[in-house]
Amino acid sequence: MSKKKNAGNPTDQPNADRPTRPVAPKPVTPVASRPAPARAADTTVRQPVRPVAAASQPPKSDLPIDHRPFVWWPVAALGLLGVLLYVNTFGHQYALDDIAAIEQNLFVRKGIAGIPDLMRTEFWHFSNISLGYYRPLSLITFALEQEYFGTNPGVSHIINAVLYGLTGAVIAVLLQKWLPGQIVIAFLIGLVFIAHPLHTEIVANIKGRDEILSFLFISLMLLSYWKYLETNDWGWIVGSCLSLYFAFLSKESSVVSLALIPGMQYWFAKRNVWQSLISLWPFLIVAALFFYQKQRMIGTLSGNPPVDWANYPYAIEKTQKSTTFKFLMYYIRLLVLPHPLVYDYSYNIIPSGGKGDLLTWAGFVTLIGLVWLSWKGFVKRTLWGFGLFWFFVTMMPGLGFIWARGGIFAERFLYAAVMGFAFVFVWAAQKLLVRQPDNESNATPAPRPVLVRYAPLLALMVVVAGLYSFKTVDRNRDWENNFVLFNSALPAAENSCQVQRHVANEWIQKGLKDRAVIDSVSAKLPKMKQPDSLRRAQISLDTAQKWANTHGRWALDHLQESTRIYPSFGEAYFSMAYVFQKIIPNVDSAKYYYKQTIRAANAYAPAYNNLGVIYQTEGFSNNDRRKLELASYYYNRSMVVNPAYVDGQNNRNNLMKATGINVQALPDSIINRY
């Protein structure tokens, strides 16, 4: 089998340190034809044999391609850097979605015993909503950590950093395979990816492990398939398919990576389009089997996501399409200049796009331009063309989330897309700063050392990678816990109704601790006899009361701002009612805001339950049967709007056991009177 030509693009390989010498053409040696021996019986002149048409011959395989070795220093460097950048997260606590995904997930808390349940339930099952997300692998890793390390967020943060470092090592190998002889360029592309601050939301937040695992297994899939191209050994196909399956188990949006397999072959193995596309058939089988498994396990492929102003505002305003173009501009800006970074972009940080919005039109024109450039890069097989191709493929889930569902902007959608940006950025910097050898001169110039040729490019990358790394380490501090994270977002996201509510809820938590001190000291006061003890207890009581009022008022300030941004934000009204129920006791205000919650979000079960608790307390205190009936009614209503709501069910059953009261309906006159 003849050897395949070097798959690198001549226009994109400035790393050849020695100039190419012209190869002298070899003279064709005429072959003397030897006369055939005369055969007496064969005197007839035979007709020449017609060549068989090429179409009738079996297609000739172009595999294996040339084996492309790699060096280890970029692998070690990117792997180590990926871990070191996140060392300052090892002491962090749970934050944001970590609490729901780990601490409040009953199946995760079971450890290994909960794994079968995790395999047959969707990701957010513990929130009693159906988003249709089937991502059991990251939850299984959390269950294993629970089994062997208990509730230990530090261990989880270490594992995230190690997985991220492993990702850096894998892409270092993969990039060298794609760019033979261009070790420096391959390393710099990987460096931009690993150092980029946009990854902090994924790595510093433990729940982001689904993204880390997805990209890691996609990278392993591409690397395994490349080994198949080099060896023509089907064992590597099996390994590649297994990697894809694990990527699916990490995050089903990994399906877009199917486009990367033919893209990799077309650009870097120089296979034609047909050869590249037909190689997808084993991976399509894996995809079909996975989605069959998902349907069987959780009963849905798409789920039934709720539509609310906080998280799906563009669906309500019916501006998904125009806002998609606007989001494109925001995403590109963060790729180039990742500042400021915010954990949440809920309503109304980015107002809807529209016909009169300049950013919407800029996004539309930019999209058309990038599509045209991508086509040009595809035809010419340029490095920047592959970068744009990678960007569009990996951004499909993020842009599709707004286009199809009207969902909000999120930094996590850029996790894989950063690689596409790295290709384009490093290519552009190389073209501007690296002097190409002059091959037109007849004289053979002395080879210039690699470091001399690449000095300007390396200097620029030191600055860029240094700034990105500094931003990454600095941003990590914000993910220490919920209180630090939510308050760090206020300067850049003060117009987010969710951020305002989250900050308020942190002040509520502090207020609850103050109230616990008040209750504890108040219980001990009657037993105290010594004047000094009474005096100290009274001071402690007054201080705790002062801070409870202060924290409660700070919470209310943020909640009022939240409802100003989004007047129908039921969860914000719920938090206001909770302040008046638990921290700054005011029963009438608590009732009012719980009813406001129900008006704004009539399916919010906790509001019904808490109203029932208030009426039950009043009913027993005043021996008022009417209020006990109201309590039973609201408990039952919480179960109607959410049959899986356990608190409402337990409270209804306990009240019925104590009083025999079980009220399913009441006239509006009674409901509105109390």
# chains A, B, ... in the order shown; residues from 1 in each chain; ligands from 1
>>> residues_around(residues="range 654-669 of chain A", least_positions_apart="5", cutoff="12 Å", atoms="only C-alpha atoms", output="VMD selection string")
chain A and resid 612 to 613 615 to 617 619 to 620 623 to 640 647 to 649 674
>>> residues_around(residues="Ala459 in chain A", least_positions_apart="6", cutoff="12 Å", atoms="only C-alpha atoms", output="list in words")
Leu188, Ala429, Gln430, Leu433, Val434, Leu451, Val452, Arg453, Ala465 and Gly466 of chain A
>>> residues_around(residues="Pro567 in chain A", least_positions_apart="6", cutoff="12 Å", atoms="only C-alpha atoms", output="list of chain:residue names")
A:Trp309, A:Ala310, A:Tyr347, A:Asn348, A:Cys497, A:Leu559, A:Gln560, A:Glu561, A:Tyr573, A:Gln596, A:Thr597, A:Arg599, A:Ala600, A:Ala601
>>> write_last_selection(atoms="C-alpha atoms", output="tab-separated table (two decimals), in the first residue's frame")
chain	number	residue	atom	x	y	z
A	309	TRP	CA	-40.17	35.08	32.95
A	310	ALA	CA	-37.01	34.44	34.93
A	347	TYR	CA	-34.43	38.35	33.14
A	348	ASN	CA	-33.63	41.13	32.43
A	497	CYS	CA	-34.43	39.33	39.11
A	559	LEU	CA	-36.74	41.15	46.99
A	560	GLN	CA	-38.52	44.41	46.29
A	561	GLU	CA	-35.93	45.16	43.60
A	573	TYR	CA	-43.04	37.11	46.83
A	596	GLN	CA	-49.35	37.26	46.16
A	597	THR	CA	-47.16	34.26	45.38
A	599	ARG	CA	-51.59	34.93	42.25
A	600	ALA	CA	-48.26	35.23	40.42
A	601	ALA	CA	-47.42	31.49	40.33
>>> residues_around(residues="Phe470 in chain A", least_positions_apart="5", cutoff="9 Å", atoms="only C-alpha atoms", output="PDB file with N, CA and C atoms, in the first residue's frame")
ATOM      1  N   LEU A  85      -4.554  25.743  37.880  1.00  0.00           N
ATOM      2  CA  LEU A  85      -5.420  26.921  37.778  1.00  0.00           C
ATOM      3  C   LEU A  85      -6.582  26.865  38.758  1.00  0.00           C
ATOM      4  N   ALA A 195      -6.492  27.878  29.655  1.00  0.00           N
ATOM      5  CA  ALA A 195      -6.388  29.066  30.511  1.00  0.00           C
ATOM      6  C   ALA A 195      -7.628  29.944  30.473  1.00  0.00           C
ATOM      7  N   PRO A 197     -10.853  31.952  31.012  1.00  0.00           N
ATOM      8  CA  PRO A 197     -11.662  32.129  32.241  1.00  0.00           C
ATOM      9  C   PRO A 197     -13.115  31.692  32.115  1.00  0.00           C
ATOM     10  N   ALA A 465      -2.190  34.421  27.798  1.00  0.00           N
ATOM     11  CA  ALA A 465      -2.390  33.307  28.723  1.00  0.00           C
ATOM     12  C   ALA A 465      -2.220  33.758  30.169  1.00  0.00           C
ATOM     13  N   ARG A 475     -11.435  34.694  39.450  1.00  0.00           N
ATOM     14  CA  ARG A 475     -12.855  34.355  39.342  1.00  0.00           C
ATOM     15  C   ARG A 475     -13.207  33.158  40.222  1.00  0.00           C
TER      16      ARG A 475
END
>>> closest_atom_pairs(of="range 251-324 of chain A", to="range 352-366 of chain A", cutoff="12 Å", atoms="only C-alpha atoms", output="CSV")
residue,atom,partner,partner_atom,distance
A:Trp309,CA,A:Ser352,CA,11.9
A:Tyr312,CA,A:Ser352,CA,11.2
A:Pro313,CA,A:Ser352,CA,8.4
A:Tyr314,CA,A:Ser352,CA,6.5
A:Ala315,CA,A:Ser352,CA,10.1
A:Ile316,CA,A:Ser352,CA,10.6
A:Glu317,CA,A:Ser352,CA,7.9
A:Lys318,CA,A:Ser352,CA,9.2
A:Thr319,CA,A:Ser352,CA,6.3
A:Gln320,CA,A:Ser352,CA,8.1
A:Lys321,CA,A:Gly353,CA,8.3
A:Ser322,CA,A:Gly353,CA,5.1
A:Thr323,CA,A:Gly353,CA,4.2
A:Thr324,CA,A:Gly353,CA,7.8
>>> residues_around(residues="Gln500 in chain A", least_positions_apart="3", cutoff="6 Å", atoms="only C-alpha atoms", output="PDB file with N, CA, C and O atoms, in the first residue's frame")
ATOM      1  N   CYS A 497     -33.482  39.623  38.031  1.00  0.00           N
ATOM      2  CA  CYS A 497     -34.427  39.333  39.114  1.00  0.00           C
ATOM      3  C   CYS A 497     -33.954  38.123  39.924  1.00  0.00           C
ATOM      4  O   CYS A 497     -34.160  38.075  41.141  1.00  0.00           O
ATOM      5  N   VAL A 503     -29.496  36.803  46.347  1.00  0.00           N
ATOM      6  CA  VAL A 503     -28.816  37.570  47.401  1.00  0.00           C
ATOM      7  C   VAL A 503     -29.738  37.701  48.611  1.00  0.00           C
ATOM      8  O   VAL A 503     -29.307  37.534  49.763  1.00  0.00           O
ATOM      9  N   HIS A 558     -33.742  43.624  48.592  1.00  0.00           N
ATOM     10  CA  HIS A 558     -33.400  42.926  47.340  1.00  0.00           C
ATOM     11  C   HIS A 558     -34.624  42.272  46.711  1.00  0.00           C
ATOM     12  O   HIS A 558     -34.747  42.238  45.474  1.00  0.00           O
ATOM     13  N   SER A 562     -36.222  42.817  43.076  1.00  0.00           N
ATOM     14  CA  SER A 562     -36.499  41.682  42.194  1.00  0.00           C
ATOM     15  C   SER A 562     -37.900  41.771  41.597  1.00  0.00           C
ATOM     16  O   SER A 562     -38.094  41.546  40.396  1.00  0.00           O
TER      17      SER A 562
END
>>> residues_around(residues="Ile206 in chain A", least_positions_apart="4", cutoff="7 Å", atoms="only C-alpha atoms", output="NGL selection string")
:A and (98 or 156-157 or 160)
>>> residues_around(residues="range 116-125 of chain A", least_positions_apart="3", cutoff="6 Å", atoms="only C-alpha atoms", output="short mmCIF file (atom, residue, chain, number, x, y, z; two decimals) with N, CA and C atoms, in the first residue's frame")
data_model
loop_
_atom_site.label_atom_id
_atom_site.label_comp_id
_atom_site.auth_asym_id
_atom_site.auth_seq_id
_atom_site.Cartn_x
_atom_site.Cartn_y
_atom_site.Cartn_z
N ASN A 128 -38.73 18.21 40.99
CA ASN A 128 -40.13 18.00 40.58
C ASN A 128 -40.49 18.75 39.30
N TYR A 133 -33.71 16.10 30.79
CA TYR A 133 -32.25 15.94 30.77
C TYR A 133 -31.89 14.59 31.38
N TYR A 134 -31.19 13.78 30.60
CA TYR A 134 -30.75 12.46 31.06
C TYR A 134 -29.23 12.46 31.10
N ARG A 135 -28.65 12.69 32.30
CA ARG A 135 -27.20 12.83 32.45
C ARG A 135 -26.74 12.06 33.70
N PRO A 136 -26.89 10.75 33.69
CA PRO A 136 -26.62 10.02 34.93
C PRO A 136 -25.15 9.92 35.32
N MET A 297 -35.71 4.88 29.86
CA MET A 297 -35.37 5.15 31.26
C MET A 297 -36.25 6.24 31.86
N ILE A 298 -36.42 7.36 31.14
CA ILE A 298 -37.14 8.50 31.75
C ILE A 298 -38.46 8.79 31.05
#
>>> select_by_dssp(residues="range 416-586 of chain A", states="alpha helix (DSSP H)", output="PyMOL selection string")
chain A and resi 417-433+450-453+455-476+482-493+497-524+531-565+570-578
>>> atom_distance(atom1="CA of Met396 in chain A", atom2="CA of Val173 in chain A")
25.7 Å
>>> atom_distance(atom1="CA of Phe90 in chain A", atom2="CA of Ser469 in chain A")
16.9 Å
>>> atom_distance(atom1="CA of Tyr593 in chain A", atom2="CA of Asn609 in chain A")
13.3 Å
>>> closest_residue(among="A:Val499, A:Val379, A:Ala548, A:Val463", to="Phe580 in chain A", atoms="only C-alpha atoms")
A:Ala548
